[in-house]
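K.L.:
Quick one: this structure, given as structure tokens, is what I'll be asking you about.
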Amino acid sequence: MSSLQGYVDRRVLLILQDGRAIAGVLVGFDQKSNVVLSDSTERVYSMEEGVEEIPLGLYLVKGDMIVLIGEIDDAVDQAVDLSTIRAEPLPAIRY
């Protein structure tokens, strides 16, 4: 839990159990690891059209849906043209 404190006010990428990738600024979290992101977007991966970014704005994610949280390096992220990236969408996790 305390490890999330280092990500507050930083841009992060969340990978969720249903395969979605959500990027945004981590503005808060609670004891259940639920997180609140501001200025968030969903990155939708495709083999045909590249990465589409769908604006979500302020977004709450339940902690039990989160598989991975990682900090985004803004300089690297801005240097990458996401429309040129082709990738299969992540599959949902199955139990």
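The chains in the structure tokens are called A, B, ... from first to last as shown; in each chain the residues are counted from 1, and the ligands are counted from 1 in the order shown.
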Going by DSSP on the backbone, which residues of chain A come out as strand (DSSP E or B)? List them as a PyMOL selection string.
P.N.:
chain A and resi 11-16+21-29+35-44+52-61+66-71
K.L.:
Go through range 11-70 of chain A residue by residue and, counting only C-alpha atoms, keep those with an atom at most 7 Å from range 77-89 of chain A; for each kept residue give the shortest atom pair and its distance in Å to one decimal, ordered by chain and increasing number, as CSV.
P.N.:
residue,atom,partner,partner_atom,distance
A:Tyr45,CA,A:Pro89,CA,5.0
A:Ser46,CA,A:Ala87,CA,5.4
A:Met47,CA,A:Arg86,CA,4.7
A:Glu48,CA,A:Arg86,CA,6.8
A:Gly50,CA,A:Ser83,CA,4.7
A:Val51,CA,A:Ser83,CA,5.3
K.L.:
List as a list in words the protein and nucleic acid residues near range 60-70 of chain A, meaning an atom at most 6 Å away when only C-alpha atoms are counted, but skip any in the same chain fewer than 5 places from it.
P.N.:
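My reading of the contact set: Val12, Leu13, Leu14, Ile15, Leu16, Gln17, Lys32, Ser33, Asn34, Val35 and Val36 of chain A.
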K.L.:
Can I get the selection written as an mmCIF file, in the first residue's frame, with N, CA and C atoms?
P.N.:
data_model
loop_
_atom_site.group_PDB
_atom_site.id
_atom_site.type_symbol
_atom_site.label_atom_id
_atom_site.label_comp_id
_atom_site.auth_asym_id
_atom_site.auth_seq_id
_atom_site.Cartn_x
_atom_site.Cartn_y
_atom_site.Cartn_z
ATOM 1 N N VAL A 12 0.989 7.612 -14.588
ATOM 2 C CA VAL A 12 1.134 6.164 -14.476
ATOM 3 C C VAL A 12 0.317 5.460 -15.556
ATOM 4 N N LEU A 13 0.668 4.194 -15.790
ATOM 5 C CA LEU A 13 -0.092 3.330 -16.683
ATOM 6 C C LEU A 13 -0.595 2.158 -15.853
ATOM 7 N N LEU A 14 -1.900 1.913 -15.916
ATOM 8 C CA LEU A 14 -2.509 0.782 -15.219
ATOM 9 C C LEU A 14 -2.895 -0.261 -16.247
ATOM 10 N N ILE A 15 -2.567 -1.511 -15.986
ATOM 11 C CA ILE A 15 -3.062 -2.630 -16.783
ATOM 12 C C ILE A 15 -4.112 -3.310 -15.917
ATOM 13 N N LEU A 16 -5.316 -3.477 -16.466
ATOM 14 C CA LEU A 16 -6.429 -4.039 -15.705
ATOM 15 C C LEU A 16 -6.693 -5.487 -16.084
ATOM 16 N N GLN A 17 -7.421 -6.186 -15.231
ATOM 17 C CA GLN A 17 -7.717 -7.601 -15.447
ATOM 18 C C GLN A 17 -8.469 -7.860 -16.743
ATOM 19 N N LYS A 32 -7.648 -0.160 0.111
ATOM 20 C CA LYS A 32 -7.984 -1.293 -0.761
ATOM 21 C C LYS A 32 -7.282 -1.194 -2.111
ATOM 22 N N SER A 33 -6.383 -0.231 -2.252
ATOM 23 C CA SER A 33 -5.648 0.046 -3.490
ATOM 24 C C SER A 33 -6.552 0.509 -4.626
ATOM 25 N N ASN A 34 -7.754 1.022 -4.278
ATOM 26 C CA ASN A 34 -8.551 1.719 -5.285
ATOM 27 C C ASN A 34 -7.778 2.986 -5.626
ATOM 28 N N VAL A 35 -7.745 3.360 -6.902
ATOM 29 C CA VAL A 35 -6.976 4.543 -7.296
ATOM 30 C C VAL A 35 -7.851 5.525 -8.062
ATOM 31 N N VAL A 36 -7.493 6.796 -7.940
ATOM 32 C CA VAL A 36 -8.151 7.872 -8.679
ATOM 33 C C VAL A 36 -7.119 8.477 -9.609
#
K.L.:
Calculate how many Å separate CA of Gly19 in chain A from CA of Ala92 in chain A, rounding to one decimal.
P.N.:
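One can read the CA of Gly19 in chain A to CA of Ala92 in chain A distance as 4.7 Å.
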K.L.:
Would you mind reading off the distance between CA of Ala75 in chain A and CA of Phe29 in chain A, one decimal, in Å?
P.N.:
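Computed distance, CA of Ala75 in chain A to CA of Phe29 in chain A, equals 25.2 Å.
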K.L.:
Could you give me, as a list in words, the residues within 7 Å of Thr41 in chain A, counting only C-alpha atoms and dropping anything in the same chain fewer than 2 positions from it?
P.N.:
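With the cut-off at 7 Å, the set is Ile22, Ala23, Gly24, Asp39, Arg43, Glu53, Ile54, Pro55, Leu56 and Gly57 of chain A.
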K.L.:
For CA of Leu90 in chain A and CA of Glu49 in chain A, quote the distance in Å rounded to one decimal.
P.N.:
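Computed distance, CA of Leu90 in chain A to CA of Glu49 in chain A, equals 15.3 Å.
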K.L.:
From the list A:Ala21, A:Arg10, A:Asp74, A:Gln31, which residue is nearest Glu52 in chain A when using only C-alpha atoms?
P.N.:
A:Ala21
K.L.:
Residues at most 7 Å from Ser38 in chain A, counting only C-alpha atoms, excluding those fewer than 3 positions away in the same chain, as a list of chain:residue names?
P.N.:
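Residues meeting the cut-off are A:Gly24, A:Val25, A:Leu26, A:Val27, A:Gly57, A:Leu58, A:Tyr59.
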K.L.:
Name the closest residue to Ile93 in chain A among the candidates A:Arg20, A:Glu42, A:Gln5, A:Leu37; distances are taken between atoms, counting only C-alpha atoms.
P.N.:
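Looking at the shortest contact to Ile93 in chain A, the residue is A:Arg20.
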K.L.:
Pull the alpha helix (DSSP H) assignments for chain A out of DSSP run on the backbone, and list those residues as a ChimeraX atom specification.
P.N.:
/A:74-79
K.L.:
Those residues with N, CA, C and O atoms, as a PDB file, in the first residue's frame please?
P.N.:
ATOM      1  N   ASP A  74       7.534  10.744 -19.040  1.00  0.00           N
ATOM      2  CA  ASP A  74       6.868  11.690 -19.938  1.00  0.00           C
ATOM      3  C   ASP A  74       7.678  11.999 -21.184  1.00  0.00           C
ATOM      4  O   ASP A  74       7.128  12.113 -22.276  1.00  0.00           O
ATOM      5  N   ALA A  75       8.988  12.145 -21.058  1.00  0.00           N
ATOM      6  CA  ALA A  75       9.825  12.469 -22.216  1.00  0.00           C
ATOM      7  C   ALA A  75       9.773  11.350 -23.243  1.00  0.00           C
ATOM      8  O   ALA A  75       9.628  11.590 -24.446  1.00  0.00           O
ATOM      9  N   VAL A  76       9.878  10.116 -22.782  1.00  0.00           N
ATOM     10  CA  VAL A  76       9.826   8.972 -23.696  1.00  0.00           C
ATOM     11  C   VAL A  76       8.427   8.830 -24.291  1.00  0.00           C
ATOM     12  O   VAL A  76       8.273   8.606 -25.490  1.00  0.00           O
ATOM     13  N   ASP A  77       7.411   8.979 -23.453  1.00  0.00           N
ATOM     14  CA  ASP A  77       6.029   8.813 -23.904  1.00  0.00           C
ATOM     15  C   ASP A  77       5.661   9.846 -24.978  1.00  0.00           C
ATOM     16  O   ASP A  77       5.008   9.519 -25.959  1.00  0.00           O
ATOM     17  N   GLN A  78       6.102  11.077 -24.818  1.00  0.00           N
ATOM     18  CA  GLN A  78       5.803  12.123 -25.795  1.00  0.00           C
ATOM     19  C   GLN A  78       6.594  11.943 -27.089  1.00  0.00           C
ATOM     20  O   GLN A  78       6.152  12.384 -28.149  1.00  0.00           O
ATOM     21  N   ALA A  79       7.745  11.296 -27.009  1.00  0.00           N
ATOM     22  CA  ALA A  79       8.571  11.081 -28.198  1.00  0.00           C
ATOM     23  C   ALA A  79       8.045   9.952 -29.079  1.00  0.00           C
ATOM     24  O   ALA A  79       8.399   9.870 -30.254  1.00  0.00           O
TER      25      ALA A  79
END
